[in-house]
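Asks: Contents of upload13.txt (compact mmCIF, C-alpha atoms) are below:
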# COMPACT_ATOMS: atom_id res chain seq x y z
CA MET X 28 137.44 38.44 166.18
CA GLY X 29 137.40 39.43 162.54
CA ASN X 30 140.48 40.97 161.07
CA GLU X 31 143.62 39.85 159.32
CA PHE X 32 144.81 37.97 162.37
CA GLU X 33 141.88 35.66 162.26
CA ALA X 34 143.39 33.85 159.33
CA GLN X 35 146.58 33.45 161.28
CA SER X 36 145.10 32.46 164.59
CA LEU X 37 141.88 30.63 163.82
CA PRO X 38 143.26 28.75 160.93
CA GLU X 39 142.33 25.41 159.60
CA GLU X 40 144.59 26.10 156.63
CA GLY X 41 147.51 27.14 158.86
CA VAL X 42 147.28 24.03 161.03
CA PRO X 43 148.67 20.80 159.68
CA PRO X 44 145.81 18.31 159.21
CA GLU X 45 147.17 15.89 161.78
CA PHE X 46 146.74 18.54 164.51
CA ARG X 47 143.19 19.54 163.67
CA ALA X 48 141.19 16.96 165.59
CA GLY X 49 142.90 16.71 168.97
CA CYS X 50 145.96 18.19 170.61
CA HIS X 51 148.65 16.02 169.19
CA PRO X 52 149.70 14.62 165.84
CA ALA X 53 149.93 11.00 164.89
CA GLY X 54 153.61 11.58 164.23
CA ARG X 55 156.60 10.23 166.02
CA SER X 56 155.87 9.01 169.50
CA GLN X 57 157.44 10.97 172.35
CA GLU X 58 157.76 7.77 174.36
CA ARG X 59 161.02 5.87 174.62
CA ILE X 60 161.62 2.47 176.12
CA HIS X 61 164.39 0.78 178.00
CA VAL X 62 164.81 -2.67 179.48
CA PRO X 63 166.53 -2.79 182.88
CA TYR X 64 168.94 -5.64 183.57
CA ARG X 65 167.15 -8.78 184.81
CA SER X 66 168.54 -10.84 187.64
CA PRO X 67 167.30 -14.25 188.82
CA CYS X 68 167.30 -12.65 192.29
CA ASP X 69 164.59 -10.05 191.36
CA PRO X 70 161.49 -11.00 193.35
CA CYS X 71 158.89 -9.12 191.22
CA PRO X 72 158.00 -10.62 187.84
CA PRO X 73 159.94 -8.64 185.20
CA LEU X 74 158.17 -6.03 183.11
CA PRO X 75 158.79 -6.34 179.36
CA PHE X 76 160.20 -2.78 179.25
CA LYS X 77 159.99 0.63 180.92
CA THR X 78 158.93 3.86 179.22
CA TYR X 79 159.76 7.53 179.60
CA VAL X 80 158.74 10.66 177.72
CA VAL X 81 161.03 12.96 175.74
CA PRO X 82 158.98 16.14 175.26
CA PRO X 83 159.37 18.25 172.10
CA ASN X 84 161.20 21.05 173.94
CA GLN X 85 164.26 18.77 173.90
CA PHE X 86 164.59 19.21 170.13
CA ILE X 87 164.14 22.99 169.95
CA VAL X 88 166.91 25.44 170.72
CA PHE X 89 164.99 28.62 169.88
CA GLN X 90 161.40 28.66 168.66
CA PRO X 91 161.26 29.96 165.07
CA PRO X 92 158.69 32.65 164.15
CA ASN X 93 155.32 32.01 162.52
CA TRP X 94 154.76 28.51 163.73
CA PRO X 95 151.25 27.18 163.02
CA GLN X 96 148.92 27.85 165.94
CA TYR X 97 145.94 26.10 167.44
CA PRO X 98 142.66 27.99 167.28
CA PRO X 99 142.26 29.85 170.64
CA GLU X 100 139.72 27.45 172.22
CA GLN X 101 141.90 24.48 171.35
CA ALA X 102 145.03 26.24 172.61
CA LEU X 103 143.55 26.51 176.12
CA ARG X 104 142.45 22.87 176.05
CA CYS X 105 145.85 21.69 174.82
CA GLY X 106 147.86 23.86 177.21
CA THR X 107 149.89 25.62 174.51
CA LEU X 108 149.33 27.87 171.51
CA TRP X 109 151.63 25.82 169.28
CA PRO X 110 150.91 22.22 168.18
CA ALA X 111 154.64 21.60 167.82
CA LEU X 112 155.07 22.13 171.57
CA HIS X 113 152.31 19.78 172.61
CA SER X 114 153.23 16.64 174.46
CA PRO X 115 150.60 13.93 174.99
CA TYR X 116 150.78 11.79 178.11
CA ARG X 117 149.40 8.27 178.27
CA PRO X 118 148.56 7.45 181.88
CA ARG X 119 150.22 4.26 183.06
CA ARG X 120 147.12 3.31 184.99
CA GLY X 121 145.00 0.92 182.98
CA ARG X 122 147.76 -0.23 180.66
CA GLU X 123 147.19 -3.83 181.71
CA GLY X 124 149.81 -6.27 180.66
CA GLU X 125 151.95 -3.46 179.40
CA ALA X 126 155.16 -2.21 180.84
CA THR X 127 155.45 1.03 182.69
CA MET N 14 153.11 44.96 192.85
CA TRP N 15 150.57 42.37 191.84
CA VAL N 16 146.91 42.70 190.97
CA TYR N 17 144.66 39.73 191.70
CA GLU N 18 142.33 38.43 189.03
CA LYS N 19 139.20 36.72 190.29
CA LYS N 20 139.30 33.72 187.97
CA LEU N 21 141.32 30.55 187.41
CA GLN N 22 143.72 30.26 184.49
CA TYR N 23 142.04 27.03 183.42
CA PRO N 24 138.67 25.53 184.40
CA VAL N 25 139.36 23.03 187.20
CA ARG N 26 136.91 20.15 187.52
CA VAL N 27 136.97 17.13 189.80
CA SER N 28 134.29 14.45 189.57
CA LYS N 29 134.34 12.92 193.05
CA CYS N 30 135.20 13.51 196.70
CA ASP N 31 138.70 11.99 196.90
CA PRO N 32 140.85 12.99 199.92
CA ARG N 33 143.47 10.38 198.97
CA MET N 34 144.17 12.24 195.72
CA ALA N 35 144.13 15.59 197.57
CA LYS N 36 146.95 14.30 199.77
CA LEU N 37 149.00 13.30 196.73
CA LEU N 38 148.39 16.66 195.02
CA LEU N 39 150.05 18.42 197.95
CA GLU N 40 153.34 17.42 196.31
CA GLN N 41 152.70 20.18 193.76
CA TYR N 42 151.45 22.60 196.43
CA GLY N 43 154.24 22.59 199.00
CA GLY N 44 156.72 20.09 197.55
CA ALA N 45 160.28 20.62 196.34
CA ASP N 46 159.29 20.89 192.68
CA GLY N 47 155.85 22.32 193.35
CA GLU N 48 154.21 25.52 192.21
CA LEU N 49 155.02 27.56 195.34
CA ALA N 50 158.70 26.71 195.03
CA ALA N 51 158.58 27.56 191.31
CA ALA N 52 156.93 30.95 191.78
CA LEU N 53 159.26 32.00 194.59
CA ARG N 54 162.36 30.66 192.79
CA TYR N 55 161.78 32.68 189.60
CA LEU N 56 160.56 35.87 191.24
CA ASN N 57 163.54 35.85 193.61
CA GLN N 58 166.09 35.26 190.83
CA ARG N 59 164.89 38.37 189.02
CA TYR N 60 166.97 40.71 191.15
CA SER N 61 170.31 39.38 189.97
CA ILE N 62 169.59 38.01 186.49
CA PRO N 63 170.64 40.11 183.44
CA ASP N 64 168.02 42.66 182.40
CA LYS N 65 167.14 40.85 179.17
CA VAL N 66 165.46 37.94 180.97
CA ILE N 67 163.88 39.71 183.97
CA GLY N 68 160.59 40.01 182.08
CA LEU N 69 160.48 36.29 181.39
CA LEU N 70 161.16 35.37 185.04
CA THR N 71 158.48 37.84 186.15
CA ASP N 72 155.87 36.44 183.78
CA ILE N 73 156.56 32.75 184.38
CA GLY N 74 156.80 33.36 188.14
CA THR N 75 153.42 35.05 188.02
CA GLU N 76 151.89 32.20 186.00
CA GLU N 77 153.15 29.76 188.65
CA PHE N 78 150.93 31.50 191.21
CA ALA N 79 147.97 30.85 188.89
CA HIS N 80 148.99 27.18 188.87
CA LEU N 81 149.30 27.18 192.68
CA GLU N 82 145.72 28.42 192.80
CA MET N 83 144.62 25.61 190.47
CA ILE N 84 146.26 22.98 192.71
CA ALA N 85 144.68 24.60 195.78
CA THR N 86 141.31 24.46 194.02
CA MET N 87 141.76 20.75 193.29
CA VAL N 88 142.69 20.02 196.93
CA TYR N 89 139.81 22.17 198.19
CA LYS N 90 137.26 20.47 195.93
CA LEU N 91 138.54 16.96 196.63
CA THR N 92 138.28 17.40 200.41
CA LYS N 93 135.33 19.79 200.79
CA ASP N 94 132.67 18.22 203.04
CA ALA N 95 134.81 15.14 203.68
CA THR N 96 134.38 13.80 207.22
CA PRO N 97 137.30 13.35 209.67
CA GLN N 98 136.85 9.61 209.17
CA GLN N 99 137.21 9.95 205.40
CA LEU N 100 140.29 12.15 205.81
CA ASP N 101 141.80 9.67 208.25
CA ALA N 102 141.15 6.75 205.89
CA ALA N 103 142.94 8.68 203.12
CA GLY N 104 146.04 9.16 205.28
CA LEU N 105 145.17 12.77 206.14
CA GLY N 106 144.61 12.04 209.86
CA PRO N 107 147.92 13.69 210.84
CA HIS N 108 147.03 16.65 208.61
CA TYR N 109 143.58 16.90 210.20
CA VAL N 110 144.80 17.03 213.79
CA ALA N 111 147.17 19.88 212.96
CA HIS N 112 145.17 21.82 210.35
CA ASP N 113 141.54 20.61 210.20
CA SER N 114 140.60 21.21 206.56
CA ALA N 115 143.01 24.13 206.10
CA LEU N 116 145.49 23.88 203.27
CA PHE N 117 149.10 23.85 204.37
CA TYR N 118 152.33 24.17 202.42
CA SER N 119 153.65 20.65 202.77
CA ASN N 120 154.44 17.88 200.33
CA ALA N 121 152.45 14.65 199.85
CA ALA N 122 154.28 13.07 202.79
CA GLY N 123 153.39 16.01 205.08
CA VAL N 124 156.89 17.55 205.13
CA PRO N 125 156.56 21.36 205.42
CA TRP N 126 157.79 23.53 202.57
CA THR N 127 161.28 24.96 203.06
CA ALA N 128 163.27 27.67 201.29
CA ALA N 129 166.04 25.09 200.93
CA TYR N 130 164.04 23.72 197.96
CA ILE N 131 164.95 26.75 195.87
CA GLN N 132 168.37 27.82 194.72
CA ALA N 133 169.68 31.25 193.85
CA LYS N 134 173.30 31.02 192.85
CA GLY N 135 173.59 34.47 191.28
CA ASP N 136 175.21 32.99 188.19
CA PRO N 137 172.67 33.44 185.38
CA ILE N 138 173.52 30.22 183.55
CA ALA N 139 173.48 28.16 186.75
CA ASP N 140 170.17 29.71 187.81
CA LEU N 141 168.50 29.16 184.44
CA TYR N 142 169.62 25.53 184.37
CA GLU N 143 168.12 25.13 187.84
CA ASP N 144 164.88 26.54 186.40
CA ILE N 145 164.93 24.19 183.41
CA ALA N 146 165.53 21.22 185.71
CA ALA N 147 162.71 22.37 188.01
CA GLU N 148 160.29 22.50 185.07
CA GLU N 149 161.20 18.98 183.90
CA LYS N 150 160.89 17.64 187.46
CA ALA N 151 157.48 19.26 187.82
CA ARG N 152 156.46 17.74 184.45
CA ALA N 153 157.45 14.31 185.75
CA THR N 154 155.53 14.88 188.99
CA TYR N 155 152.40 15.72 187.00
CA GLN N 156 152.84 12.47 185.05
CA TRP N 157 152.98 10.43 188.23
CA LEU N 158 149.97 12.31 189.62
CA ILE N 159 148.00 11.59 186.43
CA ASP N 160 148.92 7.91 186.90
CA MET N 161 147.44 7.94 190.41
CA THR N 162 143.88 8.92 189.46
CA ASP N 163 141.16 7.57 187.18
CA ASP N 164 139.19 10.84 187.41
CA VAL N 165 139.27 12.14 183.82
CA ASP N 166 138.25 15.65 184.89
CA LEU N 167 141.14 15.84 187.32
CA GLN N 168 143.48 14.33 184.72
CA ASP N 169 142.42 17.07 182.30
CA GLY N 170 143.57 19.85 184.66
CA LEU N 171 146.79 17.99 185.44
CA LYS N 172 147.55 17.51 181.74
CA PHE N 173 147.17 21.26 181.22
CA LEU N 174 149.63 21.95 184.04
CA ARG N 175 152.05 19.33 182.69
CA GLU N 176 152.04 20.98 179.26
CA ARG N 177 152.78 24.39 180.80
CA GLU N 178 155.98 22.96 182.30
CA ILE N 179 157.12 21.98 178.81
CA VAL N 180 156.53 25.49 177.44
CA HIS N 181 158.26 27.12 180.42
CA SER N 182 161.26 24.84 180.01
CA LEU N 183 161.60 25.92 176.36
CA ARG N 184 161.40 29.61 177.29
CA PHE N 185 164.14 29.15 179.89
CA ARG N 186 166.27 27.40 177.25
CA GLU N 187 165.72 30.38 174.98
CA ALA N 188 166.78 32.66 177.84
CA VAL N 189 170.04 30.71 178.03
CA GLU N 190 170.52 31.23 174.27
CA ILE N 191 169.86 34.97 174.68
CA LEU N 192 172.55 35.16 177.35
CA LYS N 193 174.97 33.11 175.22
CA GLU N 194 174.91 35.64 172.41
CA GLU N 195 173.83 39.17 171.73
CA ARG N 196 170.60 38.08 170.10
CA GLU N 197 169.08 41.50 170.54
CA VAL N 198 171.22 42.95 167.75
CA ARG N 199 169.74 40.39 165.36
CA LYS N 200 166.64 42.28 164.43
CA VAL N 201 165.58 39.85 161.74
CA PHE N 202 164.22 36.50 162.75
CA MET T 26 112.54 29.97 190.43
CA ASN T 27 115.59 31.35 188.68
CA ALA T 28 118.90 29.52 188.68
CA HIS T 29 121.77 31.13 190.58
CA PRO T 30 123.59 33.24 187.93
CA PHE T 31 126.88 31.47 188.69
CA HIS T 32 125.31 28.03 188.38
CA THR T 33 124.37 28.44 184.75
CA GLU T 34 125.88 27.17 181.54
CA GLU T 35 125.91 30.81 180.39
CA TYR T 36 128.32 31.75 183.20
CA ARG T 37 130.56 28.77 182.50
CA GLN T 38 130.77 29.73 178.84
CA ALA T 39 131.43 33.43 179.56
CA LEU T 40 134.23 32.46 181.96
CA GLU T 41 135.77 30.06 179.49
CA GLN T 42 135.64 32.64 176.69
CA LEU T 43 137.72 34.89 178.92
CA GLN T 44 140.10 32.08 179.87
CA VAL T 45 140.59 31.29 176.18
CA VAL T 46 141.60 34.79 175.11
CA ASP T 47 143.70 35.29 178.24
CA PHE T 48 145.57 32.08 177.54
CA VAL T 49 146.42 33.14 173.98
CA LEU T 50 147.70 36.44 175.38
CA LEU T 51 149.77 34.67 178.04
CA GLU T 52 151.37 32.35 175.50
CA LEU T 53 152.17 35.24 173.15
CA ASN T 54 153.49 37.22 176.13
CA LEU T 55 155.99 34.51 177.13
CA TYR T 56 156.98 34.03 173.48
CA LEU T 57 157.58 37.77 173.04
CA ASP T 58 159.68 37.85 176.22
CA THR T 59 162.28 35.87 174.25
CA HIS T 60 161.33 37.13 170.74
CA PRO T 61 160.95 40.89 171.23
CA TRP T 62 161.42 41.65 167.52
CA ASP T 63 158.66 39.43 166.14
CA VAL T 64 156.41 42.09 164.60
CA GLN T 65 153.66 39.68 163.61
CA ALA T 66 153.42 38.23 167.10
CA ILE T 67 153.28 41.76 168.54
CA GLN T 68 150.44 42.65 166.16
CA GLN T 69 148.61 39.50 167.16
CA PHE T 70 149.19 40.31 170.83
CA ASN T 71 147.77 43.81 170.39
CA HIS T 72 144.79 42.45 168.51
CA TYR T 73 143.92 40.02 171.30
CA THR T 74 144.55 42.70 173.94
CA HIS T 75 141.79 44.73 172.28
CA GLU T 76 139.49 41.68 172.15
CA ARG T 77 140.26 40.90 175.76
CA MET T 78 139.15 44.32 176.95
CA LYS T 79 135.80 43.92 175.21
CA ILE T 80 135.24 40.41 176.56
CA ALA T 81 136.31 41.36 180.09
CA ASN T 82 134.03 44.40 180.13
CA GLN T 83 131.05 42.31 179.06
CA PHE T 84 131.89 39.71 181.69
CA GLN T 85 132.26 42.26 184.47
CA GLU T 86 128.95 43.94 183.67
CA LYS T 87 127.21 40.64 184.31
CA TYR T 88 129.31 38.93 186.94
CA GLY T 89 131.17 41.65 188.83
CA PRO T 90 134.76 42.89 188.91
CA LEU T 91 137.63 40.66 187.82
CA GLN T 92 140.34 42.78 189.42
CA ASN T 93 140.72 44.76 192.64
CA TYR T 94 142.45 48.09 193.37
CA GLY T 95 140.56 50.18 190.84
CA HIS T 96 140.94 48.10 187.71
CA ALA T 97 137.16 47.60 187.51
CA TYR T 98 134.09 49.59 188.52
CA SER T 99 132.02 48.47 191.51
CA GLY T 100 128.28 48.13 191.98
CA CYS T 101 126.59 48.89 195.31
CA PRO T 102 127.06 47.18 197.72
CA TRP T 103 130.82 46.76 197.14
CA SER T 104 130.83 43.87 194.67
CA TRP T 105 134.47 42.73 194.90
CA ILE T 106 133.83 40.69 198.06
CA GLU T 107 130.93 38.71 196.62
CA THR T 108 131.17 34.95 196.14
CA PRO T 109 132.04 32.81 194.38
CA TRP T 110 135.82 33.05 194.58
CA PRO T 111 137.65 31.15 191.85
CA TRP T 112 138.20 27.96 193.86
CA GLN T 113 134.54 27.90 194.91
CA VAL T 114 133.11 27.93 191.39
Take the structure in the file and give it back as structure tokens.

Replies:
Amino acid sequence: MGNEFEAQSLPEEGVPPEFRAGCHPAGRSQERIHVPYRSPCDPCPPLPFKTYVVPPNQFIVFQPPNWPQYPPEQALRCGTLWPALHSPYRPRRGREGEAT
Amino acid sequence: MWVYEKKLQYPVRVSKCDPRMAKLLLEQYGGADGELAAALRYLNQRYSIPDKVIGLLTDIGTEEFAHLEMIATMVYKLTKDATPQQLDAAGLGPHYVAHDSALFYSNAAGVPWTAAYIQAKGDPIADLYEDIAAEEKARATYQWLIDMTDDVDLQDGLKFLREREIVHSLRFREAVEILKEEREVRKVF
Amino acid sequence: MNAHPFHTEEYRQALEQLQVVDFVLLELNLYLDTHPWDVQAIQQFNHYTHERMKIANQFQEKYGPLQNYGHAYSGCPWSWIETPWPWQV
């Protein structure tokens, strides 16, 4: 796919280093936590906290032009062409001892 | 009209025969926030939405059919060659007596799909907010489905579908912005 | 004994190559639906459209038509109805 778009679309230089290895950056977590009220009448042992995800689309009103892109193969794997739109999900299964 | 393409949008893999998971995946096949409801919701809204966002509803509605086919593929693979006993043990006994191994548009609890799941209010802002909400609900459903399986191949396909909901939600938000102002006259981005 | 052509790593890779370029096009398509004046994105879209045609033609020569209704040539016998269908792969 060799022409001027290659530099734009297959770019290591255009992609911030933190995106290059996997789908998502090491940046700010998209997970939030909250702790529901605890009553002595709750029969299940209390979880330390509950989590939910706030995906990046919540902070974007209108996508600006020329955002860095994943290389094509990685875009398919990550489910989007733009690293800034990627949202990782940590399955709750197997998070022993951790809240859900 | 539509032209069928003989390939999946994303390579679907499952690593084991798992009718229990197939039953749960039906939530995204014939459930309230599933792919069938999404496709039909967007394609139906096209006829009354302002011209500027008809293209977006057409394209996202079409992509939803590709996602429906991915979910169907997962269900098909997870139940192919399963015995009636295996289906029964997975809670698919009631499904089996009505449908054998046929897919059917119902949710994970076996409730048939209904048009009442989709709204068409005719007000473009109300309809687009319905669409945004539907995408976020489908994203959440994919999260809970990912939580219910330890099959990393299946999780991979579900993570792809979850990410698509996030992109669609953003595009619908942008559609709202387009309808809020005459963005088309702003030729410079 | 030759492996079934659809059971090979070669087929899997050819299919994925197509899925990759089609996904880039789909993402650019949705983006352009709300950014119709983004000239660079349009140029990129047209570039990948050209690539896509080449990749799809190569794929179809080996593995049969991707689309029905006259969007691809047929071999004899009528090759559209041949397995595997996408969910069977």

Asks: Write out, as JSON lines, each residue of chain T that has an atom at most 8 Å from chain N, together with the closest pair of atoms and their distance in Å to one decimal, counting only C-alpha atoms, rows going by chain and rising number.

Replies:
{"residue": "T:Leu40", "atom": "CA", "partner": "N:Lys20", "partner_atom": "CA", "distance": 8.0}
{"residue": "T:Glu41", "atom": "CA", "partner": "N:Pro24", "partner_atom": "CA", "distance": 7.3}
{"residue": "T:Gln44", "atom": "CA", "partner": "N:Gln22", "partner_atom": "CA", "distance": 6.1}
{"residue": "T:Phe48", "atom": "CA", "partner": "N:Gln22", "partner_atom": "CA", "distance": 7.4}
{"residue": "T:Leu55", "atom": "CA", "partner": "N:Leu69", "partner_atom": "CA", "distance": 6.4}
{"residue": "T:Tyr56", "atom": "CA", "partner": "N:Arg184", "partner_atom": "CA", "distance": 7.3}
{"residue": "T:Asp58", "atom": "CA", "partner": "N:Leu69", "partner_atom": "CA", "distance": 5.5}
{"residue": "T:Thr59", "atom": "CA", "partner": "N:Glu187", "partner_atom": "CA", "distance": 6.5}
{"residue": "T:Trp62", "atom": "CA", "partner": "N:Lys200", "partner_atom": "CA", "distance": 6.1}
{"residue": "T:Asp63", "atom": "CA", "partner": "N:Phe202", "partner_atom": "CA", "distance": 7.1}
{"residue": "T:Pro90", "atom": "CA", "partner": "N:Lys19", "partner_atom": "CA", "distance": 7.7}
{"residue": "T:Leu91", "atom": "CA", "partner": "N:Lys19", "partner_atom": "CA", "distance": 4.9}
{"residue": "T:Gln92", "atom": "CA", "partner": "N:Glu18", "partner_atom": "CA", "distance": 4.8}
{"residue": "T:Asn93", "atom": "CA", "partner": "N:Tyr17", "partner_atom": "CA", "distance": 6.5}
{"residue": "T:Tyr94", "atom": "CA", "partner": "N:Val16", "partner_atom": "CA", "distance": 7.4}
{"residue": "T:Trp110", "atom": "CA", "partner": "N:Lys19", "partner_atom": "CA", "distance": 6.6}
{"residue": "T:Pro111", "atom": "CA", "partner": "N:Lys20", "partner_atom": "CA", "distance": 4.9}
{"residue": "T:Trp112", "atom": "CA", "partner": "N:Thr86", "partner_atom": "CA", "distance": 4.7}
{"residue": "T:Gln113", "atom": "CA", "partner": "N:Thr86", "partner_atom": "CA", "distance": 7.6}

Asks: Using all atoms listed in the file, what table do you get, as a Markdown table, when you list each residue of chain T with an atom no more than 7 Å from chain X, its nearest pair of atoms, and their distance in Å rounded to one decimal, rows by chain then rising number?

Replies:
| residue | atom | partner | partner_atom | distance |
| --- | --- | --- | --- | --- |
| T:Val45 | CA | X:Glu100 | CA | 5.6 |
| T:Val46 | CA | X:Pro99 | CA | 6.7 |
| T:Phe48 | CA | X:Leu103 | CA | 6.1 |
| T:Val49 | CA | X:Pro99 | CA | 6.3 |
| T:Glu52 | CA | X:Leu108 | CA | 6.3 |
| T:Gln69 | CA | X:Phe32 | CA | 6.3 |

Asks: Go through N:Arg54, N:Leu174, N:Lys193, N:Ala133 and flag the residue nearest chain X, using all atoms listed in the file for the distances.

Replies: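 Checking each of N:Arg54, N:Leu174, N:Lys193, N:Ala133 against chain X, counting all atoms listed in the file, the winner is N:Leu174.
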
Asks: Could you name the residues that touch N:Leu158 at 10 Å or less, counting all atoms listed in the file, but leaving out those on the same chain fewer than 4 positions away, as a list of chain:residue names?

Replies: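 Within the cut-off, the hits are X:Pro118, N:Met34, N:Leu37, N:Leu38, N:Glu40, N:Gln41, N:Arg152, N:Ala153, N:Thr154, N:Thr162, N:Leu167, N:Gln168, N:Leu171, N:Lys172.
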
Asks: May I have the selected residues written with C-alpha atoms, as a compact mmCIF listing (two decimals), in the coordinates of the input?

Replies:
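For reference, selection-v2.txt as written:
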# COMPACT_ATOMS: atom_id res chain seq x y z
CA PRO X 118 148.56 7.45 181.88
CA MET N 34 144.17 12.24 195.72
CA LEU N 37 149.00 13.30 196.73
CA LEU N 38 148.39 16.66 195.02
CA GLU N 40 153.34 17.42 196.31
CA GLN N 41 152.70 20.18 193.76
CA ARG N 152 156.46 17.74 184.45
CA ALA N 153 157.45 14.31 185.75
CA THR N 154 155.53 14.88 188.99
CA THR N 162 143.88 8.92 189.46
CA LEU N 167 141.14 15.84 187.32
CA GLN N 168 143.48 14.33 184.72
CA LEU N 171 146.79 17.99 185.44
CA LYS N 172 147.55 17.51 181.74

Asks: For each of X:Gly121, X:Gly49, X:Pro95, X:Pro67, take the minimum atom-to-atom distance to chain N, counting all atoms listed in the file, then give the residue where this is smallest.

Replies: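 Between X:Gly121, X:Gly49, X:Pro95, X:Pro67, the residue approaching chain N most closely is X:Gly121.
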
Asks: Show which residues sit within 10 Å of X:Ser56, as number ranges by chain. Count all atoms listed in the file, and ignore same-chain residues fewer than 4 positions away.

Replies: X: 52, 80-82, 114-115

Asks: Could you pull the residues within 9 Å of T:Val114, counting all atoms listed in the file, minus those fewer than 6 positions along the same chain, as a list in words?

Replies: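 Contacts, in chain order: Val25 of chain N; Phe31, His32 and Thr108 of chain T.
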
Asks: With distances taken over only C-alpha atoms, which of N:Gly43, N:Asp164, N:Leu141, N:Gly123 is nearest to N:Ala111?

Replies: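 When distances to N:Ala111 are compared using only C-alpha atoms, the smallest one comes from N:Gly123.
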
Asks: Could you tell me how far atom CA of N:Gly170 sits from atom CA of T:Glu86, in Å to one decimal place?

Replies: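 Taking atom CA of T:Glu86 as the start and atom CA of N:Gly170 as the end point, the length is 28.2 Å.
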
Asks: Please, what distance in Å, to one decimal, runs between atom CA of N:Leu91 and atom CA of T:Gln85?

Replies: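 One can read the atom CA of N:Leu91 to atom CA of T:Gln85 distance as 28.8 Å.
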
Asks: For a test of reading the model, state the distance in Å between atom CA of T:Gly95 and atom CA of N:Tyr60, rounded to one decimal.

Replies: 28.1 Å

Asks: Which residue is closest to chain X? Choose from N:Asp160, N:Glu48, N:Lys150, N:Leu192 and count only C-alpha atoms.

Replies: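 Checking each candidate against chain X, we get N:Asp160 as the closest.
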
Asks: Please work out which residues fall within 12 Å of (160.6, 2.2, 177.2), coordinates as given in the file, with only C-alpha atoms counting, and return them as a PDB file with C-alpha atoms, in the coordinates of the input.

Replies:
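Once written, out30.pdb looks like this:
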ATOM      1  CA  SER X  56     155.870   9.010 169.500  1.00  0.00           C
ATOM      2  CA  GLN X  57     157.440  10.970 172.350  1.00  0.00           C
ATOM      3  CA  GLU X  58     157.760   7.770 174.360  1.00  0.00           C
ATOM      4  CA  ARG X  59     161.020   5.870 174.620  1.00  0.00           C
ATOM      5  CA  ILE X  60     161.620   2.470 176.120  1.00  0.00           C
ATOM      6  CA  HIS X  61     164.390   0.780 178.000  1.00  0.00           C
ATOM      7  CA  VAL X  62     164.810  -2.670 179.480  1.00  0.00           C
ATOM      8  CA  PRO X  63     166.530  -2.790 182.880  1.00  0.00           C
ATOM      9  CA  LEU X  74     158.170  -6.030 183.110  1.00  0.00           C
ATOM     10  CA  PRO X  75     158.790  -6.340 179.360  1.00  0.00           C
ATOM     11  CA  PHE X  76     160.200  -2.780 179.250  1.00  0.00           C
ATOM     12  CA  LYS X  77     159.990   0.630 180.920  1.00  0.00           C
ATOM     13  CA  THR X  78     158.930   3.860 179.220  1.00  0.00           C
ATOM     14  CA  TYR X  79     159.760   7.530 179.600  1.00  0.00           C
ATOM     15  CA  VAL X  80     158.740  10.660 177.720  1.00  0.00           C
ATOM     16  CA  VAL X  81     161.030  12.960 175.740  1.00  0.00           C
ATOM     17  CA  GLU X 125     151.950  -3.460 179.400  1.00  0.00           C
ATOM     18  CA  ALA X 126     155.160  -2.210 180.840  1.00  0.00           C
ATOM     19  CA  THR X 127     155.450   1.030 182.690  1.00  0.00           C
TER      20      THR X 127
END
